[in-house]
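Just below is one structure, and these are the notes that go with it.
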Amino acid sequence: MHRLRISARRAAAAITAFRSFVPRRQRCWFKKSLRRIRRAAGEARDLDVLTTRCRAAAAARSSAAGGVARKHLAEILAKKRPPTRRDLEDEITSLQARDWNGKAAALLVAVESAATTETVVSFARRRSRRLVRRFLTHLDHSLHDDRGIHRLRVHTKKLRYSLELFTAAAPTAEVTACVRALRRLQARLGEVTDHAAAAERLRLWSLGQVDDRARRTLLDASRRESASAKRVRRDCIRWWTASRRETLAQQLKRILRGKVA
């Protein structure tokens, strides 16, 4: 699930990065389709992660009552796994029915036949600069709420995946260093958003429960995830110092060769 979601993100980043070579209609169709696959895979993957975390916590609980509660939660989550898998399978089947393979082949033909006199290396460097300029406008966004953290994480992922594409064409020490820094930032931000998203998902699931015990179990789990989100958010804010932010900005500006504007 995780690999599928990452592959969908990388494919979307490639379409965006090389958008000038992709006809608009094809570009919109693939981005919309990849978004649907990513969301379906994300639901299944997040549930798997939450279930695994819950089982590990149940095994590690020192009190019998705590272990039983976590085990009950794991059982509730396990029942939700088949529907999320079916949703993903339905999305994949739907795309295959709409001639995904044929459209992908046509997309490659369109890219390969696009008229250009620019070299791959030149294009990669030019496009990298444009993406870096865009990212730098978001670098100082506040991390004191989940919305700000989510926004920065989205922009971080987009830039990282795009730079990884261009690294293959025009490898440089500057780009490699930036990718490493972006990967670390993405991991920190992702830990916060994972817990926050799990808390909200558990809360919503509790609303649809008829059984009182199941409802309480889900609400208790939601509160624990909220507490974890607050803790990792504080850690992330302390880690994301002005010095780290400036270091990343300077690394990115080296890709621009000193030209930010």
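Within each chain, counting starts at residue 1; across the structure tokens, chains are named A, B, ... in the order shown, with ligands numbered 1 upward in that order.
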
Residues at most 10 Å from Lys157 in chain A, counting only C-alpha atoms, excluding those fewer than 2 positions away in the same chain, as a PyMOL selection string? chain A and resi 9-10+13+152-155+159-163+179+182-183+185-187

Any idea what's packed within 12 Å of His150 in chain A, counting only C-alpha atoms, ignoring anything in its chain fewer than 5 positions away? Could you give it as a list in words? His138, His141, Ser142, Leu143, His144, Asp145, His155, Thr156, Lys157, Leu185, Gln186, Ala187, Arg188, Leu189, Gly190, Glu191, Val192, Thr193, Asp194, His195, Ala196, Ala197 and Arg233 of chain A

Selected residues written out with C-alpha atoms, as a compact mmCIF listing (two decimals), in the first residue's frame:
# COMPACT_ATOMS: atom_id res chain seq x y z
CA HIS A 138 6.14 28.41 1.66
CA HIS A 141 4.78 29.08 7.02
CA SER A 142 3.79 28.61 10.66
CA LEU A 143 4.00 25.12 12.15
CA HIS A 144 1.91 25.94 15.21
CA ASP A 145 -1.22 24.23 13.86
CA HIS A 155 4.95 21.30 -0.63
CA THR A 156 7.96 19.41 0.75
CA LYS A 157 6.85 16.15 -0.84
CA LEU A 185 11.69 17.45 7.06
CA GLN A 186 8.98 15.35 5.42
CA ALA A 187 9.46 12.56 7.98
CA ARG A 188 9.14 14.99 10.91
CA LEU A 189 6.03 16.63 9.52
CA GLY A 190 4.56 13.27 8.56
CA GLU A 191 4.74 11.98 12.12
CA VAL A 192 2.52 14.85 13.24
CA THR A 193 0.00 14.53 10.44
CA ASP A 194 -0.21 10.74 10.83
CA HIS A 195 -1.25 11.00 14.48
CA ALA A 196 -3.61 13.92 13.83
CA ALA A 197 -5.28 12.11 10.92
CA ARG A 233 4.02 18.58 17.16

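CA of Trp240 in chain A sits 11.7 Å away from CA of Ala181 in chain A.
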
Separation of CA of Ser33 in chain A from CA of Asp99 in chain A in Å: 11.8 Å

Can you work out which one of A:Arg215, A:Arg184, A:Thr84, A:Lys158 has the shortest atom-to-atom distance to Phe135 in chain A, counting only C-alpha atoms? A:Lys158

Please provide the set of residues having any atom within 10 Å of range 42-55 of chain A, restricted to only C-alpha atoms, with same-chain residues fewer than 3 positions apart removed, written as a ChimeraX atom specification. /A:1-6,36-39,58-60,67,69-78,80-88,194-195,197-198,201-202,221,225

Any chance you could export the current selection's N, CA and C atoms as a CSV table (one decimal), in the first residue's frame?
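Output contents, as saved in out.csv:
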chain,number,residue,atom,x,y,z
A,1,MET,N,0.8,-1.2,0.0
A,1,MET,CA,0.0,0.0,0.0
A,1,MET,C,0.9,1.3,0.0
A,2,HIS,N,1.9,1.2,0.9
A,2,HIS,CA,2.7,2.4,1.0
A,2,HIS,C,3.5,2.6,-0.3
A,3,ARG,N,4.0,1.5,-0.9
A,3,ARG,CA,4.7,1.7,-2.2
A,3,ARG,C,3.8,2.2,-3.3
A,4,LEU,N,2.6,1.7,-3.3
A,4,LEU,CA,1.6,2.1,-4.4
A,4,LEU,C,1.4,3.6,-4.2
A,5,ARG,N,1.1,4.1,-3.0
A,5,ARG,CA,0.8,5.5,-2.8
A,5,ARG,C,2.0,6.3,-3.2
A,6,ILE,N,3.2,5.9,-2.8
A,6,ILE,CA,4.4,6.7,-3.2
A,6,ILE,C,4.6,6.7,-4.7
A,36,ARG,N,-7.0,9.7,-7.1
A,36,ARG,CA,-8.0,8.7,-6.6
A,36,ARG,C,-7.3,7.4,-6.1
A,37,ILE,N,-6.3,7.0,-6.9
A,37,ILE,CA,-5.6,5.8,-6.4
A,37,ILE,C,-4.8,6.1,-5.1
A,38,ARG,N,-4.2,7.2,-5.1
A,38,ARG,CA,-3.4,7.6,-3.9
A,38,ARG,C,-4.3,7.7,-2.6
A,39,ARG,N,-5.5,8.2,-2.8
A,39,ARG,CA,-6.4,8.3,-1.6
A,39,ARG,C,-6.9,7.0,-1.2
A,58,ALA,N,-0.8,-3.1,22.5
A,58,ALA,CA,-1.5,-4.1,23.3
A,58,ALA,C,-0.5,-5.1,23.9
A,59,ALA,N,0.4,-5.5,23.1
A,59,ALA,CA,1.4,-6.5,23.6
A,59,ALA,C,2.4,-5.9,24.7
A,60,ALA,N,2.6,-4.6,24.6
A,60,ALA,CA,3.5,-3.9,25.5
A,60,ALA,C,2.8,-3.4,26.8
A,67,GLY,N,-4.2,-3.8,28.1
A,67,GLY,CA,-4.0,-4.8,27.0
A,67,GLY,C,-5.3,-5.2,26.4
A,69,ALA,N,-8.1,-3.6,26.2
A,69,ALA,CA,-8.7,-2.5,25.5
A,69,ALA,C,-8.0,-2.3,24.1
A,70,ARG,N,-6.7,-2.4,24.1
A,70,ARG,CA,-6.0,-2.3,22.9
A,70,ARG,C,-6.3,-3.4,21.9
A,71,LYS,N,-6.4,-4.6,22.5
A,71,LYS,CA,-6.7,-5.8,21.7
A,71,LYS,C,-8.1,-5.6,21.1
A,72,HIS,N,-9.1,-5.1,21.8
A,72,HIS,CA,-10.4,-4.9,21.3
A,72,HIS,C,-10.4,-3.9,20.2
A,73,LEU,N,-9.6,-2.8,20.3
A,73,LEU,CA,-9.4,-1.8,19.3
A,73,LEU,C,-8.9,-2.5,18.0
A,74,ALA,N,-7.8,-3.3,18.2
A,74,ALA,CA,-7.2,-4.0,17.0
A,74,ALA,C,-8.3,-4.8,16.3
A,75,GLU,N,-9.2,-5.5,17.1
A,75,GLU,CA,-10.2,-6.3,16.4
A,75,GLU,C,-11.2,-5.4,15.6
A,76,ILE,N,-11.5,-4.2,16.2
A,76,ILE,CA,-12.4,-3.3,15.5
A,76,ILE,C,-11.8,-2.9,14.2
A,77,LEU,N,-10.5,-2.5,14.3
A,77,LEU,CA,-9.8,-2.0,13.1
A,77,LEU,C,-9.7,-3.1,12.0
A,78,ALA,N,-9.4,-4.3,12.5
A,78,ALA,CA,-9.3,-5.4,11.5
A,78,ALA,C,-10.5,-5.6,10.7
A,80,LYS,N,-12.4,-3.4,9.6
A,80,LYS,CA,-12.5,-2.3,8.6
A,80,LYS,C,-11.5,-2.5,7.5
A,81,ARG,N,-10.6,-3.4,7.6
A,81,ARG,CA,-9.6,-3.6,6.6
A,81,ARG,C,-10.1,-4.1,5.3
A,82,PRO,N,-11.0,-5.1,5.2
A,82,PRO,CA,-11.5,-5.6,3.9
A,82,PRO,C,-12.2,-4.5,3.1
A,83,PRO,N,-13.1,-3.7,3.7
A,83,PRO,CA,-13.7,-2.6,2.8
A,83,PRO,C,-12.7,-1.7,2.2
A,84,THR,N,-11.6,-1.3,2.9
A,84,THR,CA,-10.7,-0.4,2.4
A,84,THR,C,-9.9,-1.1,1.2
A,85,ARG,N,-9.6,-2.3,1.4
A,85,ARG,CA,-9.0,-3.1,0.3
A,85,ARG,C,-9.9,-3.2,-0.9
A,86,ARG,N,-11.1,-3.4,-0.7
A,86,ARG,CA,-12.1,-3.5,-1.8
A,86,ARG,C,-12.2,-2.1,-2.5
A,87,ASP,N,-12.2,-1.1,-1.8
A,87,ASP,CA,-12.3,0.3,-2.4
A,87,ASP,C,-11.1,0.5,-3.3
A,88,LEU,N,-9.9,0.1,-2.8
A,88,LEU,CA,-8.7,0.2,-3.7
A,88,LEU,C,-8.8,-0.7,-4.9
A,194,ASP,N,0.3,12.1,10.7
A,194,ASP,CA,-0.2,10.7,10.8
A,194,ASP,C,-1.0,10.6,12.1
A,195,HIS,N,-0.5,11.1,13.2
A,195,HIS,CA,-1.3,11.0,14.5
A,195,HIS,C,-2.5,11.8,14.5
A,197,ALA,N,-4.3,12.7,11.8
A,197,ALA,CA,-5.3,12.1,10.9
A,197,ALA,C,-5.9,10.9,11.6
A,198,ALA,N,-5.1,10.1,12.3
A,198,ALA,CA,-5.6,8.9,13.0
A,198,ALA,C,-6.6,9.3,14.0
A,201,ARG,N,-9.9,10.2,12.3
A,201,ARG,CA,-10.5,9.1,11.7
A,201,ARG,C,-11.2,8.2,12.8
A,202,LEU,N,-10.5,8.0,13.9
A,202,LEU,CA,-11.1,7.2,15.0
A,202,LEU,C,-12.3,7.9,15.6
A,221,ALA,N,-9.1,5.7,21.9
A,221,ALA,CA,-8.0,5.6,21.0
A,221,ALA,C,-7.8,7.0,20.3
A,225,GLU,N,-4.4,9.3,20.3
A,225,GLU,CA,-3.7,9.8,19.1
A,225,GLU,C,-3.6,11.3,19.1

Rank nothing, just name the residue among A:Arg254, A:Arg180, A:Lys31, A:Arg223 nearest to Thr16 in chain A, using only C-alpha atoms. A:Lys31

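Interatomic distance, CA of Glu174 in chain A to CA of Ala11 in chain A: 23.4 Å.
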
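Residue nearest Arg126 in chain A, chosen from A:Arg231, A:Thr241, A:Cys236, A:Phe166 and counting only C-alpha atoms: A:Phe166.
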
Given the choices A:Leu204, A:Leu256, A:Ala12, A:Ala199, which gets closest to Arg224 in chain A if the distance is worked out from only C-alpha atoms? A:Ala199

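Distance check against Ser222 in chain A using only C-alpha atoms: of A:Leu207, A:Leu165, A:Val132, A:Ala114, the minimum falls on A:Leu207.
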
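With distances restricted to only C-alpha atoms, A:Thr116 is the closest residue to Ser20 in chain A from A:Thr116, A:Thr176, A:Thr247, A:Ser128.
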
From a backbone DSSP assignment, name each residue in range 74-229 of chain A labelled helix (DSSP H, G or I), as an MDAnalysis selection string. chainID A and resid 74:97 100:112 120:136 146:169 173:207 212:229

If you keep C-alpha atoms, can you produce a file of those selected residues as a compact mmCIF listing (two decimals), in the first residue's frame?
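File result07.txt, as written:
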# COMPACT_ATOMS: atom_id res chain seq x y z
CA ALA A 74 -7.25 -3.99 17.03
CA GLU A 75 -10.23 -6.29 16.44
CA ILE A 76 -12.44 -3.33 15.48
CA LEU A 77 -9.82 -2.01 13.08
CA ALA A 78 -9.26 -5.44 11.54
CA LYS A 79 -12.93 -5.54 10.54
CA LYS A 80 -12.49 -2.27 8.65
CA ARG A 81 -9.58 -3.58 6.60
CA PRO A 82 -11.51 -5.59 3.93
CA PRO A 83 -13.70 -2.63 2.84
CA THR A 84 -10.66 -0.37 2.36
CA ARG A 85 -8.97 -3.10 0.31
CA ARG A 86 -12.08 -3.48 -1.81
CA ASP A 87 -12.25 0.27 -2.39
CA LEU A 88 -8.67 0.23 -3.67
CA GLU A 89 -9.31 -2.81 -5.86
CA ASP A 90 -12.42 -1.12 -7.27
CA GLU A 91 -10.39 1.98 -8.16
CA ILE A 92 -7.75 -0.12 -9.91
CA THR A 93 -10.40 -2.12 -11.77
CA SER A 94 -12.13 1.10 -12.81
CA LEU A 95 -8.91 2.53 -14.23
CA GLN A 96 -8.16 -0.66 -16.12
CA ALA A 97 -11.65 -0.57 -17.59
CA TRP A 100 -5.19 2.87 -18.28
CA ASN A 101 -2.49 0.97 -20.20
CA GLY A 102 -3.54 2.44 -23.53
CA LYS A 103 -3.67 5.97 -22.14
CA ALA A 104 -0.25 5.51 -20.49
CA ALA A 105 1.23 4.38 -23.82
CA ALA A 106 -0.32 7.38 -25.58
CA LEU A 107 1.10 9.68 -22.91
CA LEU A 108 4.62 8.38 -23.52
CA VAL A 109 4.19 8.84 -27.27
CA ALA A 110 3.05 12.45 -26.72
CA VAL A 111 6.07 13.19 -24.52
CA GLU A 112 8.56 11.53 -26.86
CA VAL A 120 17.29 17.05 -20.78
CA VAL A 121 19.95 18.50 -18.49
CA SER A 122 19.03 22.07 -19.42
CA PHE A 123 15.33 21.39 -18.89
CA ALA A 124 15.98 19.69 -15.55
CA ARG A 125 17.99 22.64 -14.26
CA ARG A 126 15.47 25.21 -15.47
CA ARG A 127 12.49 23.35 -14.06
CA SER A 128 14.28 22.70 -10.76
CA ARG A 129 14.83 26.43 -10.31
CA ARG A 130 11.15 27.14 -10.88
CA LEU A 131 10.06 24.51 -8.34
CA VAL A 132 12.58 25.74 -5.78
CA ARG A 133 11.39 29.35 -6.13
CA ARG A 134 7.83 28.20 -5.50
CA PHE A 135 8.82 26.15 -2.45
CA LEU A 136 10.78 28.99 -0.88
CA ASP A 146 -1.95 21.05 11.93
CA ARG A 147 -3.06 22.97 8.85
CA GLY A 148 0.27 24.76 8.54
CA ILE A 149 2.17 21.51 9.10
CA HIS A 150 0.07 19.73 6.49
CA ARG A 151 0.62 22.50 3.92
CA LEU A 152 4.37 22.52 4.38
CA ARG A 153 4.48 18.73 4.19
CA VAL A 154 2.58 18.73 0.88
CA HIS A 155 4.95 21.30 -0.63
CA THR A 156 7.96 19.41 0.75
CA LYS A 157 6.85 16.15 -0.84
CA LYS A 158 6.17 17.77 -4.20
CA LEU A 159 9.60 19.38 -4.33
CA ARG A 160 11.43 16.29 -3.07
CA TYR A 161 9.88 13.94 -5.63
CA SER A 162 10.49 16.40 -8.45
CA LEU A 163 14.12 16.96 -7.49
CA GLU A 164 14.64 13.20 -7.30
CA LEU A 165 13.42 12.98 -10.90
CA PHE A 166 15.84 15.66 -12.04
CA THR A 167 18.75 14.24 -10.06
CA ALA A 168 18.82 11.29 -12.47
CA ALA A 169 19.24 13.69 -15.41
CA ALA A 173 25.91 17.58 -4.84
CA GLU A 174 23.58 20.52 -4.15
CA VAL A 175 20.46 18.68 -5.32
CA THR A 176 21.42 15.50 -3.47
CA ALA A 177 21.91 17.46 -0.24
CA CYS A 178 18.55 19.18 -0.69
CA VAL A 179 16.76 15.88 -1.25
CA ARG A 180 18.23 14.50 1.99
CA ALA A 181 17.15 17.60 3.92
CA LEU A 182 13.66 17.52 2.42
CA ARG A 183 13.33 13.83 3.28
CA ARG A 184 14.15 14.55 6.94
CA LEU A 185 11.69 17.45 7.06
CA GLN A 186 8.98 15.35 5.42
CA ALA A 187 9.46 12.56 7.98
CA ARG A 188 9.14 14.99 10.91
CA LEU A 189 6.03 16.63 9.52
CA GLY A 190 4.56 13.27 8.56
CA GLU A 191 4.74 11.98 12.12
CA VAL A 192 2.52 14.85 13.24
CA THR A 193 0.00 14.53 10.44
CA ASP A 194 -0.21 10.74 10.83
CA HIS A 195 -1.25 11.00 14.48
CA ALA A 196 -3.61 13.92 13.83
CA ALA A 197 -5.28 12.11 10.92
CA ALA A 198 -5.61 8.91 12.97
CA ALA A 199 -7.26 10.82 15.81
CA GLU A 200 -9.83 12.35 13.48
CA ARG A 201 -10.49 9.06 11.69
CA LEU A 202 -11.05 7.23 14.98
CA ARG A 203 -13.39 9.97 16.18
CA LEU A 204 -15.48 9.77 13.03
CA TRP A 205 -15.64 5.98 13.23
CA SER A 206 -16.90 6.24 16.81
CA LEU A 207 -19.89 8.30 15.63
CA ASP A 212 -21.31 1.43 23.40
CA ARG A 213 -18.15 -0.49 24.15
CA ALA A 214 -16.86 -0.11 20.61
CA ARG A 215 -17.70 3.61 20.67
CA ARG A 216 -15.79 4.14 23.92
CA THR A 217 -12.85 2.12 22.62
CA LEU A 218 -12.60 4.26 19.49
CA LEU A 219 -12.99 7.53 21.40
CA ASP A 220 -10.28 6.52 23.89
CA ALA A 221 -7.99 5.65 20.99
CA SER A 222 -8.78 8.99 19.35
CA ARG A 223 -7.79 10.84 22.52
CA ARG A 224 -4.51 8.91 22.71
CA GLU A 225 -3.71 9.75 19.09
CA SER A 226 -4.54 13.43 19.76
CA ALA A 227 -2.18 13.42 22.73
CA SER A 228 0.54 11.83 20.59
CA ALA A 229 -0.05 14.42 17.88
